[in-house]
Each structure stands twice: as C-alpha cells, then as structure tokens.
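These notes concern the structure reproduced below.
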Amino acid sequence: MKISFNINGNTQTVDTDGDTPLLWVIRDVLDLKGTKFGCGKAACGACTIHIDGEAIRSCSYAVKYAEGKNITTIEGLGNKENPHPIQQAWIEEIVPQCGYCQPGFMMASAALIEKNPNPSDQDIDENILNICRCGTYYRMRKAIKKAAEIKSNSIINS
Amino acid sequence: MSTHFINFNRMKSLYSWQSITLLIFIVVLVSFKTISSSNNVDAPNISPESETAFHTMMDVLTHKRCVNCHPNDNIPKQGEDSHAHRFGITRSNGVSATNCNTCHQSSNNNYSGVPGAPEWALAPQSMAWEGLNRYEIARVMMDKSKNGNRTTEDLMHHLTEHELVLWAWDPGIDAEGNARELPPVSKEDYIKAVKKWIDAGAIIPEEK
Ligand code: FES
Ligand code: FES
C-alpha cells in the first residue's frame with residue numbers, strides 16, 4: 001500500500017506492507033539512521049520519534065498509521081546552527097557514553113519539556129522510561145532540567 | 001397472701017420481658033430486611049434465565065482481559081498473571097509525554113507483541129474493578145455516578161459493540177509470540193447473554 005507522510009519537513013510516499021514497523025521504513029527505506037533499534041518490543045525506547053508532537057516508539061507503530069501525519073526524528077529535532085534545547089543541554093552536560101540509546105532519550109525528553117516546561121525528578125522518572133545500558137541516567141536528568149531552562153529562557157527572550 | 005403477691009409480680013415482669021424480647025426481635029427483623037433490600041433491591045425478581053445470562057456475562061467481565069485495565073491502584077496490569085505493567089507505567093504517565101499511545105496503537109502489533117485497539121486506555125478510577133467480586137463489579141457498572149453516566153441502553157452498546165471491549169476476543173500475541181488467553185465464553189454467547197440480561201431488566205442477582 002502507498003502511505004504518505006511528512007518527515008522532518010519533507011513529504012515522503014512509501015509503498016510497502018502497511019503493517020511494517022515505521023522504524024524499518026525510517027531506517028531502511030528513508031535511510032535515516034539516527035533512530036535506533038534496541039528491542040523491537042516497545043520496551044527500551046531507542047526507537048522513539050515524534051508523531052504529531054507525541055513521543056511514539058516506532059518499532060511498535062505500523063506504517064499504515066503514519067498516513068498524513070507529521071513525523072520528527074532526531075535528524076529533524078534541530079541542527080548544528082540551531083540546536084533544540086535538548087541537543088544543546090546534551091552537549092553541555094556531555095550526556096552520551098556509547099551513544100546508542102541517546103536519540104531515543106532525546107526525543108522522549110523533547111516531548112516531555114514540550115508538555116511540561118519544568119519537570120520535577122518524579123516527572124522525569126514517570127515519563128522517561130527508556131533504557132541506557134551505559135547508565136547515563138544521572139547526566140540525562142541534569143540535561144533535561146537544563147534543557148527546560150534553556151527553553152523557557154528562549155521563550156522569555158523572544 | 002404474700003406468696004400470691006410475689007407470683008403476680010413475677011408474672012408482670014415475665015410479661016414485660018416477653019414484650020421487650022418480641023419488640024427487639026421485630027426491630028432486628030425490620031432493620032435486617034431494610035439493610036438486605038437496600039443492598040440488593042432487585043434480588044427477589046430475577047428469573048433463572050436472566051441469572052444464567054448474568055453469570056455468563058460476568059464470566060467475561062471478571063476475566064483478566066477486562067480487569068487488567070480496570071485497576072484499583074492506577075497501575076495497569078499485564079499478562080495472564082495480571083502483574084503490574086512493566087516499566088513503572090501508572091495512570092499519571094497518561095497526562096504527560098509518555099502515555100498508553102506511546103506504545104499502544106489502534107490494533108495489535110504482531111511485530112512487537114504490543115496489544116492495541118481503538119481508544120486503548122485505562123478505565124477511569126471510578127470504574128475500578130480489580131479486587132471486586134462479580135456482584136460488586138456489576139453494581140459499579142450499573143451505577144451512573146461511577147459508569148460515566150451511562151444509561152442501561154448506553155451500557156448495552158458499550159458492552160456489545162465497543163471495539164476496545166470486543167478486543168478481548170482478538171487479543172493478539174505477547175512479546176514472546178504466545179497467544180493471549182481468551183475469555184471463557186465465546187463473543188457470540190457473551191453478546192447474547194448481555195442483551196438477554198439487560199432486556200430482562202438488568203437485575204443483579206443476590207450474592208451467593
Ligand atoms: S526498539 Fe522500540 S522500544 Fe526498543
Ligand atoms: S549511552 Fe550507551 S546505552 Fe545509553
């Protein structure tokens with residue numbers, strides 16, 4: 001079946017089995033390798049992207065549901081010149097170790113500060129349920145708080 | 001003379017004891033009747049067919065495919081053993097960035113083993129069924145102050161037509177690829193039973 005959607009600002013049409021996990025389409029068809037495969041069971045969060053602004057685990061999302069939707073992957077979150085507050089804070093706090101889990105964490109965290117401009121430790125615990133084998137959770141917690149600050153300052157300044 | 005006097009007094013006191021005992025008995029009887037009828041107004045009128053239909057319906061509604069998402073502690077349950085949802089999922093996640101639809105979509109996902117159906121969500125807190133017996137669940141279900149202000153007619157449609165309810169007969173496979181257990185009654189027999197029970201007045205039988 002043909003499925004059309006917008007991904008990182010570009011319209012794309014793919015022709016595939018509608019039940020194919022969106023993650024496969026993103027990585028193997030559209031060649032956007034930033035989004036990672038960890039478990040394929042919606043358990044680790046490595047594949048987290050945004051669909052219409054909501055954090056979604058793309059390994060458990062049939063591509064047929066993407067029809068007409070706006071998708072953002074880590075490649076579309078920000079860029080070097082204009083990083084997303086999450087990306088900026090991640091760099092400042094030197095969060096990643098091996099880095100494999102990080103795109104998923106960053107997408108989940110970006111969705112969190114969008115909905116909750118000042119997340120507490122508990123909000124972070126309840127919403128960032130991804131898994132990092134390197135144990136960067138402590139630095140991520142600091143980075144999420146910093147990102148929330150950067151974001152609210154940029155809103156005040158603009 | 002004095003003997004006669006004493007006997008008369010004893011008779012008098014016996015007489016008042018009898019009336020007091022009788023009075024207490026009546027009061028106890030009346031209050032017991034009031035309590036039992038306020039607990040279950042409908043109990044005496046249910047027909048055997050309607051009672052059978054009630055139990056067929058409740059065999060389904062007490063199954064984990066239903067109760068897992070009607071928790072009493074805001075923690076969804078999973079699996080055949082109704083364990084707490086992995087990853088610390090609670091109702092409070094639902095108002096923020098991670099919610100049911102982060103992983104659950106409107107159909108089962110056979111790649112990941114994540115179940116899905118339209119409007120996948122926890123039942124509201126007022127509809128907590130976990131830990132209740134079938135009679136208590138039925139009472140909660142019929143109580144408009146707890147059931148989302150649904151009339152009996154609304155409930156009939158909800159119970160027999162809502163895709164999320166009927167998902168119980170198409171629960172898909174789990175993360176290991178094993179088929180999830182179905183309710184103990186077929187979908188057709190369940191729907192028939194719900195309609196029969198509701199048509200007969202939705203009477204909740206006396207608790208046994
Ligand atoms: S790969 Fe999707 S949650 Fe692990
Ligand atoms: S940084 Fe290595 S798994 Fe998270």
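Simple scheme: letters A, B, ... for chains in structure tokens order, numbers from 1 for residues in each chain, numbers from 1 for ligands in the order shown.
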
key: Backbone DSSP call of alpha helix (DSSP H) for segment 10-136 of chain A, listed as a PyMOL selection string   = chain A and resi 22-24+74-77+85-92+102-115+121-127

*asked:* To check your reading of the model: which residues sit at most 8 Å from ligand 1 when counting only C-alpha atoms and all ligand atoms? Write the answer as a list in words.
replied: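 Using only C-alpha atoms and all ligand atoms, everything at most 8 Å from ligand 1 comes to Leu23, Lys36, Phe37, Gly38, Cys39, Gly40, Lys41, Ala42, Ala43, Cys44, Gly45, Ala46, Cys47, Thr48, Arg57, Ser58, Cys59, Ser60 and Asn130 of chain A.
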
What's around Leu129 of chain A at 9 Å? Count only C-alpha atoms, leave out sequence neighbours fewer than 3 positions away in its own chain, and write the answer as a PyMOL selection string. (chain A and resi 43-45+105+108+124-126) or (chain B and resi 87-89+98)

- Task: Using only C-alpha atoms, determine which residues lie at most 10 Å from Lys146 of chain A, disregarding the query and same-chain residues fewer than 5 positions distant; provide the list as a ChimeraX atom specification.
- Result: /A:85-86,88-90,92-93,118,140-141,151-152

Could the residues of chain B within 6 Å of chain A, counting only C-alpha atoms, be given as a PDB file with C-alpha atoms, in the first residue's frame, please?
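Result went into out.pdb, see below:
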```
ATOM      1  CA  ASN B  93       2.012   8.954  32.939  1.00  0.00           C
ATOM      2  CA  ALA B  97       4.816  12.832  27.482  1.00  0.00           C
ATOM      3  CA  THR B  98       4.640   9.079  27.931  1.00  0.00           C
ATOM      4  CA  THR B 102       3.432   5.889  23.104  1.00  0.00           C
ATOM      5  CA  CYS B 103       3.404   2.110  22.566  1.00  0.00           C
ATOM      6  CA  SER B 112       6.432  -6.106  18.925  1.00  0.00           C
TER       7      SER B 112
END
```

I want to know what sits within 8 Å of Pro118 of chain B, based on only C-alpha atoms, with residues of the same chain fewer than 2 positions away left out; could you give that as a PyMOL selection string? chain B and resi 105-107+116+120+163-164

Keeping all heavy atoms for every residue in the selection just given, could you write it to a file as a short mmCIF file (atom, residue, chain, number, x, y, z; two decimals), in the first residue's frame?
```cif
data_model
loop_
_atom_site.label_atom_id
_atom_site.label_comp_id
_atom_site.auth_asym_id
_atom_site.auth_seq_id
_atom_site.Cartn_x
_atom_site.Cartn_y
_atom_site.Cartn_z
N GLN B 105 -1.17 1.18 19.85
CA GLN B 105 -1.90 1.85 18.77
C GLN B 105 -3.29 1.21 18.63
O GLN B 105 -3.69 0.46 19.51
CB GLN B 105 -1.08 1.79 17.48
CG GLN B 105 0.36 2.27 17.64
CD GLN B 105 0.49 3.65 18.30
OE1 GLN B 105 -0.40 4.50 18.17
NE2 GLN B 105 1.55 3.87 19.05
N SER B 106 -3.97 1.51 17.50
CA SER B 106 -5.37 1.06 17.44
C SER B 106 -5.55 -0.38 16.95
O SER B 106 -6.68 -0.79 16.68
CB SER B 106 -6.20 2.04 16.63
OG SER B 106 -5.57 2.29 15.43
N SER B 107 -4.46 -1.14 16.81
CA SER B 107 -4.60 -2.58 16.57
C SER B 107 -3.41 -3.28 17.21
O SER B 107 -2.40 -2.64 17.53
CB SER B 107 -4.68 -2.89 15.07
OG SER B 107 -3.49 -2.47 14.43
N GLY B 116 -3.19 -3.72 20.98
CA GLY B 116 -3.77 -2.41 20.65
C GLY B 116 -5.20 -2.54 20.17
O GLY B 116 -5.61 -3.59 19.68
N TRP B 120 -7.43 2.76 23.12
CA TRP B 120 -6.71 1.99 24.14
C TRP B 120 -6.41 2.90 25.34
O TRP B 120 -5.72 3.90 25.19
CB TRP B 120 -5.41 1.43 23.56
CG TRP B 120 -4.76 0.45 24.48
CD1 TRP B 120 -3.90 0.73 25.49
CD2 TRP B 120 -4.96 -0.97 24.49
NE1 TRP B 120 -3.55 -0.44 26.13
CE2 TRP B 120 -4.17 -1.50 25.54
CE3 TRP B 120 -5.72 -1.85 23.71
CZ2 TRP B 120 -4.13 -2.86 25.83
CZ3 TRP B 120 -5.67 -3.20 24.00
CH2 TRP B 120 -4.87 -3.69 25.05
N GLU B 163 -15.23 -1.44 20.28
CA GLU B 163 -14.10 -2.24 19.77
C GLU B 163 -13.09 -2.58 20.85
O GLU B 163 -12.48 -3.65 20.81
CB GLU B 163 -13.40 -1.48 18.63
CG GLU B 163 -14.19 -1.50 17.34
CD GLU B 163 -13.52 -0.68 16.27
OE1 GLU B 163 -13.67 0.56 16.31
OE2 GLU B 163 -12.83 -1.27 15.41
N LEU B 164 -12.92 -1.67 21.79
CA LEU B 164 -11.95 -1.95 22.87
C LEU B 164 -12.44 -3.12 23.75
O LEU B 164 -11.65 -3.95 24.17
CB LEU B 164 -11.75 -0.68 23.72
CG LEU B 164 -10.72 -0.75 24.84
CD1 LEU B 164 -9.36 -1.21 24.33
CD2 LEU B 164 -10.58 0.60 25.52
#
```

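Selection of all polymer residues within 9 Å of ligand 2 on the basis of only C-alpha atoms and all ligand atoms gives Ala46, Val95, Pro96, Gln97, Cys98, Gly99, Tyr100, Cys101, Gln102, Phe105, Ile131, Cys132, Arg133, Cys134, Gly135, Thr136 and Tyr137 of chain A.
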
Export of prior selection with C-alpha atoms as a PDB file, in the first residue's frame:
```
ATOM      1  CA  ALA A  46      15.712   3.534  21.437  1.00  0.00           C
ATOM      2  CA  VAL A  95      25.496  13.088  28.409  1.00  0.00           C
ATOM      3  CA  PRO A  96      26.249  10.207  26.000  1.00  0.00           C
ATOM      4  CA  GLN A  97      28.627   7.375  26.645  1.00  0.00           C
ATOM      5  CA  CYS A  98      28.368   4.835  23.787  1.00  0.00           C
ATOM      6  CA  GLY A  99      25.506   6.955  22.422  1.00  0.00           C
ATOM      7  CA  TYR A 100      23.296   4.162  21.127  1.00  0.00           C
ATOM      8  CA  CYS A 101      20.283   4.920  23.289  1.00  0.00           C
ATOM      9  CA  GLN A 102      20.618   8.683  23.134  1.00  0.00           C
ATOM     10  CA  PHE A 105      16.108   9.521  25.081  1.00  0.00           C
ATOM     11  CA  ILE A 131      16.862   2.138  28.866  1.00  0.00           C
ATOM     12  CA  CYS A 132      20.537   3.146  28.771  1.00  0.00           C
ATOM     13  CA  ARG A 133      22.977   0.257  29.150  1.00  0.00           C
ATOM     14  CA  CYS A 134      25.782   2.706  29.905  1.00  0.00           C
ATOM     15  CA  GLY A 135      23.895   4.198  32.835  1.00  0.00           C
ATOM     16  CA  THR A 136      23.885   7.842  31.781  1.00  0.00           C
ATOM     17  CA  TYR A 137      20.639   8.481  33.661  1.00  0.00           C
TER      18      TYR A 137
END
```

Item to check | Neighbour list for Gln78 of chain B as a PyMOL selection string, cut-off 9 Å, only C-alpha atoms, skip fewer than 5 positions in-chain | outcome: chain B and resi 64-65+68-69+83-86

Between A:Ile156, A:Leu30, A:Ile91, A:Ile7, smallest distance to Ile144 of chain A by only C-alpha atoms belongs to A:Ile91

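Between atom CA of Lys145 of chain A and atom CA of Gln87 of chain A the separation is 12.4 Å.
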
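Nearest to Asp81 of chain B of all the residues B:Pro205, B:His162, B:Lys196, B:Glu181 is B:Glu181, counting only C-alpha atoms.
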
Just the number, please: distance in Å from atom CA of Val185 of chain B to atom CA of Thr56 of chain B, one decimal.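 That distance, rounded to one decimal, is 7.2 Å.
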
Restricting to only C-alpha atoms, whichever of B:Asp174, B:Asp73, B:Glu80, B:Asp59 is closest to Ser186 of chain B is B:Asp59

Excluding same-chain residues fewer than 3 positions from segment 152-156 of chain B, what lies within 10 Å of it counting only C-alpha atoms, as a count of residues only? 19

Item to complete: Pick out the closest residue to Thr35 of chain A from this set: A:Asn79, A:Lys2, A:Gly104, A:Asp52. Count only C-alpha atoms.
Response: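 For Thr35 of chain A, the nearest of the given residues is A:Gly104.
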
request  = Check the smallest atom-to-atom distance from each of A:Asp121, A:Asn157, A:Ile150, A:Glu75 to Leu32 of chain A using only C-alpha atoms, then report the winner.
outcome  =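 Ranking A:Asp121, A:Asn157, A:Ile150, A:Glu75 by distance to Leu32 of chain A, first place goes to A:Glu75.
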
- request: Determine the nearest neighbour of Ile203 of chain B from the options B:Ser50, B:Asn72, B:Ser126, B:Asn133, counting only C-alpha atoms.
  value: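 That would be B:Ser50, the residue with the smallest distance to Ile203 of chain B.
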